[in-house]
Structures are given as C-alpha cells and as structure tokens.
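Source file entry-v4.pdb; content: PDB, C-alpha atoms, pLDDT in the B column.
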ATOM      1  CA  MET A   1     -10.694  -8.033  17.679  1.00 47.00           C
ATOM      2  CA  ALA A   2     -11.430  -6.528  21.096  1.00 51.00           C
ATOM      3  CA  CYS A   3     -11.751  -2.768  21.410  1.00 56.00           C
ATOM      4  CA  ASP A   4     -10.911  -0.638  24.430  1.00 52.00           C
ATOM      5  CA  SER A   5     -14.238   1.000  25.217  1.00 47.00           C
ATOM      6  CA  ASN A   6     -12.396   4.044  26.588  1.00 52.00           C
ATOM      7  CA  ARG A   7     -10.430   4.600  23.391  1.00 60.00           C
ATOM      8  CA  LYS A   8     -12.254   4.313  20.096  1.00 86.00           C
ATOM      9  CA  GLU A   9      -9.897   3.693  17.209  1.00 93.00           C
ATOM     10  CA  LEU A  10      -9.819   6.419  14.573  1.00 96.00           C
ATOM     11  CA  VAL A  11      -7.468   5.561  11.721  1.00 97.00           C
ATOM     12  CA  ALA A  12      -5.956   8.332   9.614  1.00 97.00           C
ATOM     13  CA  ILE A  13      -4.957   7.865   5.977  1.00 98.00           C
ATOM     14  CA  ILE A  14      -2.142   9.926   4.477  1.00 97.00           C
ATOM     15  CA  GLY A  15      -2.939  10.113   0.761  1.00 95.00           C
ATOM     16  CA  GLY A  16      -1.914  12.021  -2.318  1.00 93.00           C
ATOM     17  CA  MET A  17       1.088   9.829  -3.236  1.00 91.00           C
ATOM     18  CA  GLY A  18      -0.132   9.455  -6.082  1.00 85.00           C
ATOM     19  CA  PRO A  19      -3.282  11.469  -6.175  1.00 86.00           C
ATOM     20  CA  MET A  20      -5.748   8.551  -6.079  1.00 88.00           C
ATOM     21  CA  ALA A  21      -4.016   6.441  -3.408  1.00 91.00           C
ATOM     22  CA  GLY A  22      -5.776   7.679  -0.274  1.00 94.00           C
ATOM     23  CA  VAL A  23      -9.093   7.935  -2.114  1.00 94.00           C
ATOM     24  CA  LYS A  24      -8.758   4.320  -3.235  1.00 94.00           C
ATOM     25  CA  LEU A  25      -8.025   3.122   0.300  1.00 96.00           C
ATOM     26  CA  GLN A  26     -11.130   4.931   1.596  1.00 96.00           C
ATOM     27  CA  GLU A  27     -13.181   3.371  -1.200  1.00 96.00           C
ATOM     28  CA  LEU A  28     -11.905  -0.091  -0.301  1.00 97.00           C
ATOM     29  CA  ILE A  29     -12.811   0.434   3.354  1.00 97.00           C
ATOM     30  CA  VAL A  30     -16.362   1.465   2.429  1.00 96.00           C
ATOM     31  CA  ASN A  31     -16.862  -1.303  -0.129  1.00 96.00           C
ATOM     32  CA  ARG A  32     -15.460  -4.060   2.093  1.00 96.00           C
ATOM     33  CA  THR A  33     -17.394  -3.100   5.247  1.00 95.00           C
ATOM     34  CA  THR A  34     -20.463  -5.195   5.989  1.00 93.00           C
ATOM     35  CA  ALA A  35     -23.137  -2.554   6.406  1.00 91.00           C
ATOM     36  CA  SER A  36     -26.859  -1.999   5.972  1.00 92.00           C
ATOM     37  CA  CYS A  37     -26.927   1.678   6.931  1.00 93.00           C
ATOM     38  CA  ASP A  38     -24.611   4.668   7.353  1.00 93.00           C
ATOM     39  CA  ARG A  39     -23.856   3.955  11.001  1.00 91.00           C
ATOM     40  CA  ASP A  40     -22.562   0.474  10.206  1.00 91.00           C
ATOM     41  CA  HIS A  41     -19.546   2.110   8.533  1.00 94.00           C
ATOM     42  CA  ILE A  42     -16.443   3.234  10.414  1.00 94.00           C
ATOM     43  CA  PRO A  43     -15.122   6.770  10.838  1.00 94.00           C
ATOM     44  CA  VAL A  44     -11.786   7.473   9.144  1.00 96.00           C
ATOM     45  CA  LEU A  45      -9.704  10.583   8.669  1.00 97.00           C
ATOM     46  CA  CYS A  46      -7.875  11.310   5.424  1.00 96.00           C
ATOM     47  CA  TYR A  47      -5.410  13.993   4.475  1.00 95.00           C
ATOM     48  CA  THR A  48      -4.806  13.943   0.728  1.00 95.00           C
ATOM     49  CA  ASN A  49      -1.536  15.820   0.353  1.00 94.00           C
ATOM     50  CA  PRO A  50      -0.151  15.739  -3.200  1.00 93.00           C
ATOM     51  CA  GLN A  51       2.452  18.330  -2.143  1.00 92.00           C
ATOM     52  CA  VAL A  52       4.614  15.629  -0.530  1.00 92.00           C
ATOM     53  CA  PRO A  53       7.910  15.647  -2.464  1.00 87.00           C
ATOM     54  CA  PRO A  54       8.885  12.577  -4.538  1.00 81.00           C
ATOM     55  CA  ARG A  55       9.844   9.500  -2.561  1.00 84.00           C
ATOM     56  CA  ILE A  56      12.249   8.086  -5.154  1.00 77.00           C
ATOM     57  CA  GLY A  57      15.894   8.489  -6.068  1.00 66.00           C
ATOM     58  CA  ASP A  58      18.682  10.141  -4.114  1.00 62.00           C
ATOM     59  CA  PHE A  59      16.442  12.795  -2.573  1.00 62.00           C
ATOM     60  CA  GLY A  60      13.721  10.569  -1.126  1.00 67.00           C
ATOM     61  CA  LEU A  61      14.258  11.823   2.425  1.00 82.00           C
ATOM     62  CA  GLN A  62      12.923  15.216   1.384  1.00 90.00           C
ATOM     63  CA  CYS A  63       9.424  13.751   1.672  1.00 93.00           C
ATOM     64  CA  VAL A  64       9.696  13.162   5.426  1.00 95.00           C
ATOM     65  CA  PRO A  65       8.910  16.657   6.815  1.00 95.00           C
ATOM     66  CA  GLU A  66       5.717  16.998   4.773  1.00 95.00           C
ATOM     67  CA  ILE A  67       4.548  13.492   5.651  1.00 96.00           C
ATOM     68  CA  VAL A  68       5.234  14.186   9.335  1.00 97.00           C
ATOM     69  CA  ARG A  69       3.338  17.485   9.130  1.00 96.00           C
ATOM     70  CA  SER A  70       0.378  15.649   7.599  1.00 97.00           C
ATOM     71  CA  ILE A  71       0.365  13.004  10.330  1.00 97.00           C
ATOM     72  CA  GLN A  72       0.663  15.608  13.068  1.00 97.00           C
ATOM     73  CA  ALA A  73      -2.346  17.445  11.648  1.00 97.00           C
ATOM     74  CA  LEU A  74      -4.353  14.234  11.882  1.00 97.00           C
ATOM     75  CA  GLU A  75      -3.041  13.516  15.376  1.00 96.00           C
ATOM     76  CA  GLY A  76      -4.494  16.884  16.331  1.00 96.00           C
ATOM     77  CA  ALA A  77      -7.822  15.837  14.806  1.00 96.00           C
ATOM     78  CA  GLY A  78      -7.967  12.775  17.067  1.00 96.00           C
ATOM     79  CA  ALA A  79      -6.329  10.002  15.024  1.00 97.00           C
ATOM     80  CA  THR A  80      -5.204   7.006  17.061  1.00 97.00           C
ATOM     81  CA  ARG A  81      -3.257   5.296  14.238  1.00 97.00           C
ATOM     82  CA  PHE A  82      -2.201   6.189  10.717  1.00 98.00           C
ATOM     83  CA  CYS A  83      -1.524   4.507   7.406  1.00 98.00           C
ATOM     84  CA  ILE A  84       0.516   6.001   4.574  1.00 97.00           C
ATOM     85  CA  ALA A  85      -1.077   5.054   1.250  1.00 96.00           C
ATOM     86  CA  CYS A  86       2.295   4.829  -0.500  1.00 94.00           C
ATOM     87  CA  ASN A  87       4.536   1.776  -0.424  1.00 95.00           C
ATOM     88  CA  THR A  88       7.725   3.643  -1.321  1.00 92.00           C
ATOM     89  CA  ALA A  89       7.265   6.116   1.552  1.00 94.00           C
ATOM     90  CA  HIS A  90       7.618   3.182   3.946  1.00 96.00           C
ATOM     91  CA  MET A  91      11.370   3.329   3.291  1.00 94.00           C
ATOM     92  CA  PHE A  92      11.399   6.316   5.662  1.00 94.00           C
ATOM     93  CA  THR A  93       9.386   4.776   8.491  1.00 95.00           C
ATOM     94  CA  SER A  94      12.126   5.273  11.105  1.00 95.00           C
ATOM     95  CA  GLU A  95      12.529   8.941  10.272  1.00 95.00           C
ATOM     96  CA  ILE A  96       8.765   9.505  10.233  1.00 96.00           C
ATOM     97  CA  MET A  97       8.124   7.705  13.533  1.00 97.00           C
ATOM     98  CA  ALA A  98      10.752   9.807  15.310  1.00 96.00           C
ATOM     99  CA  ASP A  99       8.416  12.807  15.134  1.00 95.00           C
ATOM    100  CA  VAL A 100       4.927  11.344  15.553  1.00 97.00           C
ATOM    101  CA  LYS A 101       3.143   9.946  18.599  1.00 96.00           C
ATOM    102  CA  ILE A 102       0.627   7.442  17.199  1.00 97.00           C
ATOM    103  CA  PRO A 103       1.411   3.986  15.774  1.00 97.00           C
ATOM    104  CA  MET A 104       1.605   3.214  12.073  1.00 98.00           C
ATOM    105  CA  ILE A 105      -0.304   0.556  10.154  1.00 98.00           C
ATOM    106  CA  SER A 106       2.242  -0.678   7.620  1.00 98.00           C
ATOM    107  CA  LEU A 107       1.199  -1.757   4.139  1.00 98.00           C
ATOM    108  CA  ILE A 108       4.326  -3.895   3.941  1.00 97.00           C
ATOM    109  CA  ALA A 109       4.111  -5.575   7.350  1.00 97.00           C
ATOM    110  CA  GLU A 110       0.420  -6.430   6.925  1.00 98.00           C
ATOM    111  CA  THR A 111       1.093  -7.827   3.447  1.00 97.00           C
ATOM    112  CA  ALA A 112       3.942  -9.982   4.755  1.00 97.00           C
ATOM    113  CA  LYS A 113       1.686 -11.397   7.479  1.00 97.00           C
ATOM    114  CA  PHE A 114      -1.036 -12.121   4.917  1.00 97.00           C
ATOM    115  CA  LEU A 115       1.393 -13.909   2.612  1.00 97.00           C
ATOM    116  CA  ALA A 116       2.750 -16.041   5.450  1.00 95.00           C
ATOM    117  CA  THR A 117      -0.778 -17.016   6.524  1.00 96.00           C
ATOM    118  CA  ASN A 118      -2.394 -17.604   3.133  1.00 96.00           C
ATOM    119  CA  PHE A 119       0.236 -18.716   0.618  1.00 95.00           C
ATOM    120  CA  GLY A 120       1.881 -21.733   2.207  1.00 89.00           C
ATOM    121  CA  SER A 121       5.252 -22.195   3.867  1.00 88.00           C
ATOM    122  CA  ALA A 122       7.444 -21.492   0.834  1.00 92.00           C
ATOM    123  CA  PRO A 123       5.681 -19.148  -1.611  1.00 95.00           C
ATOM    124  CA  VAL A 124       7.450 -17.641  -4.607  1.00 97.00           C
ATOM    125  CA  ILE A 125       6.503 -13.970  -4.485  1.00 98.00           C
ATOM    126  CA  GLY A 126       6.948 -11.541  -7.353  1.00 98.00           C
ATOM    127  CA  LEU A 127       7.185  -7.851  -6.445  1.00 98.00           C
ATOM    128  CA  LEU A 128       6.080  -4.975  -8.654  1.00 98.00           C
ATOM    129  CA  GLY A 129       7.138  -1.605  -7.270  1.00 96.00           C
ATOM    130  CA  THR A 130       9.397   1.361  -7.813  1.00 94.00           C
ATOM    131  CA  ASN A 131      13.080   0.748  -8.324  1.00 94.00           C
ATOM    132  CA  SER A 132      13.853   2.795  -5.199  1.00 92.00           C
ATOM    133  CA  LEU A 133      11.690   0.531  -3.049  1.00 94.00           C
ATOM    134  CA  MET A 134      13.085  -2.631  -4.616  1.00 96.00           C
ATOM    135  CA  GLU A 135      16.665  -1.437  -4.113  1.00 94.00           C
ATOM    136  CA  SER A 136      15.952  -0.810  -0.429  1.00 94.00           C
ATOM    137  CA  ASN A 137      15.102  -4.525   0.090  1.00 96.00           C
ATOM    138  CA  LEU A 138      12.450  -3.417   2.582  1.00 95.00           C
ATOM    139  CA  TYR A 139       9.679  -5.621   1.212  1.00 96.00           C
ATOM    140  CA  GLN A 140      12.068  -8.519   0.768  1.00 97.00           C
ATOM    141  CA  ASP A 141      13.389  -8.306   4.331  1.00 97.00           C
ATOM    142  CA  ILE A 142       9.974  -7.958   5.979  1.00 97.00           C
ATOM    143  CA  ILE A 143       8.539 -10.858   3.967  1.00 97.00           C
ATOM    144  CA  LYS A 144      11.496 -13.063   4.856  1.00 96.00           C
ATOM    145  CA  ALA A 145      11.110 -12.157   8.525  1.00 96.00           C
ATOM    146  CA  GLU A 146       7.511 -13.435   8.424  1.00 95.00           C
ATOM    147  CA  CYS A 147       8.170 -16.419   6.142  1.00 93.00           C
ATOM    148  CA  ALA A 148      11.805 -17.490   6.081  1.00 93.00           C
ATOM    149  CA  ALA A 149      11.258 -20.095   3.356  1.00 95.00           C
ATOM    150  CA  ALA A 150       9.685 -17.625   0.929  1.00 96.00           C
ATOM    151  CA  SER A 151      11.434 -16.784  -2.320  1.00 97.00           C
ATOM    152  CA  VAL A 152      11.072 -13.122  -3.289  1.00 97.00           C
ATOM    153  CA  LEU A 153      11.624 -12.048  -6.889  1.00 98.00           C
ATOM    154  CA  ARG A 154      12.034  -8.519  -8.210  1.00 98.00           C
ATOM    155  CA  LEU A 155      12.106  -7.421 -11.814  1.00 98.00           C
ATOM    156  CA  GLU A 156      15.262  -7.515 -13.849  1.00 98.00           C
ATOM    157  CA  ALA A 157      16.756  -4.178 -14.907  1.00 97.00           C
ATOM    158  CA  GLU A 158      15.000  -3.643 -18.249  1.00 98.00           C
ATOM    159  CA  PRO A 159      11.421  -4.405 -17.166  1.00 98.00           C
ATOM    160  CA  GLN A 160      12.030  -2.474 -13.923  1.00 98.00           C
ATOM    161  CA  ALA A 161      13.010   0.648 -15.862  1.00 97.00           C
ATOM    162  CA  LYS A 162       9.932   0.238 -18.042  1.00 97.00           C
ATOM    163  CA  LEU A 163       7.685  -0.169 -15.003  1.00 97.00           C
ATOM    164  CA  ASP A 164       9.029   2.995 -13.392  1.00 95.00           C
ATOM    165  CA  GLN A 165       8.291   4.890 -16.594  1.00 96.00           C
ATOM    166  CA  LEU A 166       4.771   3.461 -16.794  1.00 97.00           C
ATOM    167  CA  ILE A 167       4.096   4.553 -13.221  1.00 94.00           C
ATOM    168  CA  GLN A 168       5.732   7.967 -13.214  1.00 89.00           C
ATOM    169  CA  GLY A 169       6.367   9.039 -16.815  1.00 91.00           C
ATOM    170  CA  LYS A 170       4.550  11.880 -18.529  1.00 91.00           C
ATOM    171  CA  ASP A 171       2.101   9.375 -20.026  1.00 92.00           C
ATOM    172  CA  GLY A 172       2.078   7.092 -16.991  1.00 93.00           C
ATOM    173  CA  ILE A 173      -0.481   6.058 -14.408  1.00 93.00           C
ATOM    174  CA  LYS A 174       0.179   9.102 -12.215  1.00 90.00           C
ATOM    175  CA  ALA A 175      -0.678  11.256 -15.236  1.00 90.00           C
ATOM    176  CA  GLY A 176      -4.089   9.584 -15.473  1.00 91.00           C
ATOM    177  CA  ASN A 177      -3.336   6.896 -18.049  1.00 94.00           C
ATOM    178  CA  THR A 178      -5.368   3.985 -16.683  1.00 93.00           C
ATOM    179  CA  GLY A 179      -6.768   2.437 -19.851  1.00 95.00           C
ATOM    180  CA  ASP A 180      -6.655  -1.073 -21.254  1.00 96.00           C
ATOM    181  CA  ALA A 181      -3.304  -0.546 -22.955  1.00 96.00           C
ATOM    182  CA  MET A 182      -1.709   0.330 -19.632  1.00 97.00           C
ATOM    183  CA  SER A 183      -3.241  -2.751 -17.997  1.00 97.00           C
ATOM    184  CA  ALA A 184      -1.815  -4.937 -20.749  1.00 96.00           C
ATOM    185  CA  ALA A 185       1.622  -3.319 -20.468  1.00 97.00           C
ATOM    186  CA  ILE A 186       1.797  -3.917 -16.706  1.00 97.00           C
ATOM    187  CA  ALA A 187       0.546  -7.485 -17.133  1.00 97.00           C
ATOM    188  CA  ASP A 188       3.315  -8.160 -19.659  1.00 97.00           C
ATOM    189  CA  ILE A 189       5.899  -6.952 -17.161  1.00 98.00           C
ATOM    190  CA  ALA A 190       4.379  -9.048 -14.365  1.00 98.00           C
ATOM    191  CA  GLN A 191       4.441 -12.070 -16.648  1.00 98.00           C
ATOM    192  CA  THR A 192       8.261 -11.945 -16.608  1.00 98.00           C
ATOM    193  CA  LEU A 193       8.082 -12.773 -12.894  1.00 98.00           C
ATOM    194  CA  VAL A 194       5.640 -15.629 -13.522  1.00 98.00           C
ATOM    195  CA  VAL A 195       8.020 -17.094 -16.111  1.00 98.00           C
ATOM    196  CA  ARG A 196      10.710 -17.058 -13.417  1.00 98.00           C
ATOM    197  CA  GLY A 197       8.452 -19.005 -11.038  1.00 98.00           C
ATOM    198  CA  ALA A 198       6.330 -16.475  -9.145  1.00 98.00           C
ATOM    199  CA  THR A 199       3.108 -17.954  -7.787  1.00 97.00           C
ATOM    200  CA  VAL A 200       1.704 -14.622  -6.549  1.00 98.00           C
ATOM    201  CA  ILE A 201       2.327 -11.027  -7.645  1.00 98.00           C
ATOM    202  CA  VAL A 202       2.311  -8.237  -5.051  1.00 98.00           C
ATOM    203  CA  THR A 203       1.461  -4.781  -6.390  1.00 98.00           C
ATOM    204  CA  ALA A 204       3.930  -2.917  -4.189  1.00 97.00           C
ATOM    205  CA  CYS A 205       2.961   0.503  -5.530  1.00 95.00           C
ATOM    206  CA  THR A 206      -0.444   2.046  -4.895  1.00 93.00           C
ATOM    207  CA  GLU A 207      -0.748   3.155  -8.542  1.00 92.00           C
ATOM    208  CA  LEU A 208      -0.555  -0.366  -9.937  1.00 96.00           C
ATOM    209  CA  PRO A 209      -3.894  -1.800  -8.704  1.00 95.00           C
ATOM    210  CA  LEU A 210      -5.669   0.964 -10.608  1.00 93.00           C
ATOM    211  CA  VAL A 211      -4.760  -0.897 -13.810  1.00 95.00           C
ATOM    212  CA  PHE A 212      -3.358  -4.293 -12.793  1.00 96.00           C
ATOM    213  CA  ASN A 213      -5.938  -6.374 -10.980  1.00 94.00           C
ATOM    214  CA  LYS A 214      -7.945  -9.530 -11.609  1.00 91.00           C
ATOM    215  CA  GLU A 215     -10.834  -7.626 -13.168  1.00 92.00           C
ATOM    216  CA  ALA A 216      -8.674  -5.661 -15.608  1.00 92.00           C
ATOM    217  CA  CYS A 217      -6.361  -8.586 -16.364  1.00 94.00           C
ATOM    218  CA  GLN A 218      -8.684 -11.571 -16.536  1.00 92.00           C
ATOM    219  CA  GLY A 219      -6.819 -14.748 -17.257  1.00 92.00           C
ATOM    220  CA  PHE A 220      -3.603 -13.661 -15.572  1.00 96.00           C
ATOM    221  CA  PRO A 221      -2.168 -16.990 -14.457  1.00 96.00           C
ATOM    222  CA  VAL A 222      -1.362 -16.317 -10.769  1.00 97.00           C
ATOM    223  CA  ALA A 223      -2.866 -14.415  -7.856  1.00 97.00           C
ATOM    224  CA  ILE A 224      -2.526 -10.629  -7.803  1.00 97.00           C
ATOM    225  CA  LEU A 225      -2.247  -9.299  -4.263  1.00 97.00           C
ATOM    226  CA  ASP A 226      -3.007  -5.657  -3.471  1.00 97.00           C
ATOM    227  CA  PRO A 227      -1.568  -4.450  -0.128  1.00 97.00           C
ATOM    228  CA  MET A 228      -4.263  -1.767   0.031  1.00 97.00           C
ATOM    229  CA  VAL A 229      -6.985  -4.435   0.150  1.00 97.00           C
ATOM    230  CA  ILE A 230      -5.152  -6.207   2.966  1.00 98.00           C
ATOM    231  CA  VAL A 231      -4.802  -2.997   4.958  1.00 98.00           C
ATOM    232  CA  ALA A 232      -8.408  -1.982   4.305  1.00 97.00           C
ATOM    233  CA  ASP A 233      -9.548  -5.266   5.846  1.00 97.00           C
ATOM    234  CA  HIS A 234      -7.137  -4.786   8.750  1.00 97.00           C
ATOM    235  CA  ILE A 235      -8.495  -1.293   9.438  1.00 97.00           C
ATOM    236  CA  ILE A 236     -12.085  -2.572   9.332  1.00 96.00           C
ATOM    237  CA  ASN A 237     -11.314  -5.460  11.708  1.00 94.00           C
ATOM    238  CA  LEU A 238      -9.439  -3.149  14.060  1.00 94.00           C
ATOM    239  CA  THR A 239     -11.971  -0.328  14.080  1.00 92.00           C
ATOM    240  CA  ALA A 240     -15.453  -1.739  13.506  1.00 85.00           C
ATOM    241  CA  PRO A 241     -15.814  -3.363  16.972  1.00 86.00           C
ATOM    242  CA  CYS A 242     -15.301   0.050  18.565  1.00 82.00           C
ATOM    243  CA  TYR A 243     -18.522   1.330  17.004  1.00 77.00           C
ATOM    244  CA  LYS A 244     -20.845  -1.612  17.503  1.00 69.00           C
ATOM    245  CA  GLU A 245     -23.866  -0.602  19.538  1.00 59.00           C
TER
END
Reformat the file's structure so that it appears as structure tokens.
Amino acid sequence: MACDSNRKELVAIIGGMGPMAGVKLQELIVNRTTASCDRDHIPVLCYTNPQVPPRIGDFGLQCVPEIVRSIQALEGAGATRFCIACNTAHMFTSEIMADVKIPMISLIAETAKFLATNFGSAPVIGLLGTNSLMESNLYQDIIKAECAAASVLRLEAEPQAKLDQLIQGKDGIKAGNTGDAMSAAIADIAQTLVVRGATVIVTACTELPLVFNKEACQGFPVAILDPMVIVADHIINLTAPCYKE
C-alpha cells in the first residue's frame, strides 16, 4: 500500500474493553510484523482505558463520552487513525465519529472484507459475541453488504446467555478465567453453530480469542477467525510502508 510521504500513518488503539484487548492487539502487531531489528517495527499509540462504562444492555450509550475523550487524547498525540479494540463498542460508531476528526479502522468492516475475499461466495458464518452486539445486527448487516450470498448465524437464546456469562460473569474471562475449562466451554458453545452448518466461526468479542483459538482448541472442526488478527495485519500493511528507509 502506498504511503503519503508527507503524512506518516500513526494508528491509535483504544484498549481496556476488556483489560487485555488493546494489549493483545499491540502484541499481534509486533508478532505479525516482519522485522529483524527494532526499527523494522511500526510506531503505534495505545490508550488502555478500563474506565469506559459497559457497552452492553440499555445503557450502552454511556460509553461514548469516555471513548471519545480517549480518542481525542490520542488525536492530540498525533494519531492519524484509530481502532477500538472492542467489537461491541462499534455499535456506537456514528455517535463516536460525530466528535472525532480522524478516521476509524473498524474491526467489523475489515472482518467482513476478509470473509468476502477468503471464504468463497456463499460462506456460512457463525458469530460469537455479546447479546447486545448480536441484537444490533451490526455484524450481520456489514457482512451481508460485503457478501450478499453469505449466511450469518448467531447463537440461540440459551447458549447466548451462557456465553455472555462466560465473558462477563464474576468467574468469566474478564475476571481472568482463561484456563482450559473455559476454552472447552466456549468450544462447546461454538459447536452449536457448527451443527447448524457454520463453516467458519468469528470471535466477535475481543475476550474470546484469549481462550478460543486454534491452539487452545485443537481439533475444532472449522476455521476460527479473530477480527483482531485481521486488523493487526491491516494496520501493518497500512503503516509499515511509511517507515521504510
């Protein structure tokens, strides 16, 4: 990708939703960059702000002012684009963009493009994410806009309620429970989508790849797609040419 030599890209990550999300995206960027020395890596900014209010339920909009404040702080530090390391927060993109000046790199839009390019003309996509995000139909609509023939499945009510508890409950992933038992529990829930015909599972919550991935769930029968990996690669491809000597 060409880079404007007069404007070096500096991507900002808004993290803290949950606490490991922005850290994980930074780690992916480092690990997936082809580099033989420090200077081969790309500069990024990150504001880990776990004080952002919850993004779920009837009061999700309460998160917007704190997210906007975080982005504005990074705008002031020189950011040229930003990415929010939280899928559910993308429900409030319109409200967020009304008060910021730099463009957003969307986890959902980049994932939809990747699916359309890499999974055939009519994939059957299973979504794992919070009930609030699934109810919004945001992922479903953006995927269908990129790939009209795609079939998009969400969890049925009982496994969805269980997933929300595993993510956000007092013994959930956000509370630091990332062991083998949690991986198995998430895999069992994802399997209900495979039984219904899913040929790829999208982890549409940044907590889920911490426990549900190909390494932790070897033998899972279909592809597991992490939007954070897709966006990490996008950020590298966008930014790295700006810093080539």
Practice task
Check the smallest atom-to-atom distance from each of A:Cys46, A:Ala98, A:Ala150, A:Pro53 to Ala77 in chain A using all atoms listed in the file, then report the winner.
Solution key: A:Cys46
Exercise for the section: Expand the PyMOL selection byres ((chain A and resi 29-31) around 7) into the individual residues it matches in the shown file, reporting them as an MDAnalysis selection string. Expected result: chainID A and resid 25:28 32:33 41 232 236
Handout entry: Selection result for the PyMOL selection byres ((chain A and resi 119-122) around 7) on this file, as a list in words
Key =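 With the PyMOL selection byres ((chain A and resi 119-122) around 7) on this model, the match is Leu115, Ala116, Thr117, Asn118, Pro123, Val124, Cys147, Ala149, Ala150 and Ser151 of chain A.
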Each range 32-149 of chain A residue no farther than 6 Å from range 5-24 of chain A, nearest pair in Å, all atoms listed in the file, as a Markdown table:
| residue | atom | partner | partner_atom | distance |
| --- | --- | --- | --- | --- |
| A:Val44 | CA | A:Val11 | CA | 5.4 |
| A:Leu45 | CA | A:Ala12 | CA | 4.5 |
| A:Cys46 | CA | A:Ile13 | CA | 4.5 |
| A:Tyr47 | CA | A:Ile14 | CA | 5.2 |
| A:Thr48 | CA | A:Gly15 | CA | 4.3 |
| A:Asn49 | CA | A:Gly16 | CA | 4.7 |
| A:Pro50 | CA | A:Gly16 | CA | 4.2 |
| A:Ala79 | CA | A:Leu10 | CA | 5.0 |
| A:Thr80 | CA | A:Leu10 | CA | 5.3 |
| A:Arg81 | CA | A:Val11 | CA | 4.9 |
| A:Phe82 | CA | A:Ala12 | CA | 4.5 |
| A:Cys83 | CA | A:Ile13 | CA | 5.0 |
| A:Ile84 | CA | A:Ile14 | CA | 4.7 |
| A:Ala85 | CA | A:Gly15 | CA | 5.4 |
| A:Cys86 | CA | A:Met17 | CA | 5.8 |
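Interatomic distance, CA of Glu66 in chain A against CA of Ile96 in chain A: 9.8 Å.
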Practice task
Check the smallest atom-to-atom distance from each of A:Met228, A:Ala240, A:Ile235, A:Cys37 to Ile108 in chain A using all atoms listed in the file, then report the winner.
Solution key: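 With all atoms listed in the file as the atom set, the closest residue is A:Met228.
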Exercise for the section: Quote the spacing between CA of Val195 in chain A and CA of Val231 in chain A in Å to one decimal place. Expected result: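 Between CA of Val195 in chain A and CA of Val231 in chain A the gap works out to 28.4 Å.
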Handout entry: d(CA of Pro227 in chain A, CA of Leu61 in chain A) in Å
Key = 22.8 Å
Taking (5.7, 12.9, -9.1) in the file's coordinates as the center, which residues reach within 12 Å of it, counting all atoms listed in the file, put as a PDB file with C-alpha atoms, keeping the file's coordinate frame?
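Just written: part-v1.pdb:
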ATOM      1  CA  GLY A  16      -1.914  12.021  -2.318  1.00 93.00           C
ATOM      2  CA  MET A  17       1.088   9.829  -3.236  1.00 91.00           C
ATOM      3  CA  GLY A  18      -0.132   9.455  -6.082  1.00 85.00           C
ATOM      4  CA  PRO A  19      -3.282  11.469  -6.175  1.00 86.00           C
ATOM      5  CA  PRO A  50      -0.151  15.739  -3.200  1.00 93.00           C
ATOM      6  CA  GLN A  51       2.452  18.330  -2.143  1.00 92.00           C
ATOM      7  CA  VAL A  52       4.614  15.629  -0.530  1.00 92.00           C
ATOM      8  CA  PRO A  53       7.910  15.647  -2.464  1.00 87.00           C
ATOM      9  CA  PRO A  54       8.885  12.577  -4.538  1.00 81.00           C
ATOM     10  CA  ARG A  55       9.844   9.500  -2.561  1.00 84.00           C
ATOM     11  CA  ILE A  56      12.249   8.086  -5.154  1.00 77.00           C
ATOM     12  CA  GLY A  57      15.894   8.489  -6.068  1.00 66.00           C
ATOM     13  CA  GLY A  60      13.721  10.569  -1.126  1.00 67.00           C
ATOM     14  CA  CYS A  63       9.424  13.751   1.672  1.00 93.00           C
ATOM     15  CA  ASP A 164       9.029   2.995 -13.392  1.00 95.00           C
ATOM     16  CA  GLN A 165       8.291   4.890 -16.594  1.00 96.00           C
ATOM     17  CA  ILE A 167       4.096   4.553 -13.221  1.00 94.00           C
ATOM     18  CA  GLN A 168       5.732   7.967 -13.214  1.00 89.00           C
ATOM     19  CA  GLY A 169       6.367   9.039 -16.815  1.00 91.00           C
ATOM     20  CA  LYS A 170       4.550  11.880 -18.529  1.00 91.00           C
ATOM     21  CA  GLY A 172       2.078   7.092 -16.991  1.00 93.00           C
ATOM     22  CA  ILE A 173      -0.481   6.058 -14.408  1.00 93.00           C
ATOM     23  CA  LYS A 174       0.179   9.102 -12.215  1.00 90.00           C
ATOM     24  CA  ALA A 175      -0.678  11.256 -15.236  1.00 90.00           C
ATOM     25  CA  GLU A 207      -0.748   3.155  -8.542  1.00 92.00           C
TER      26      GLU A 207
END
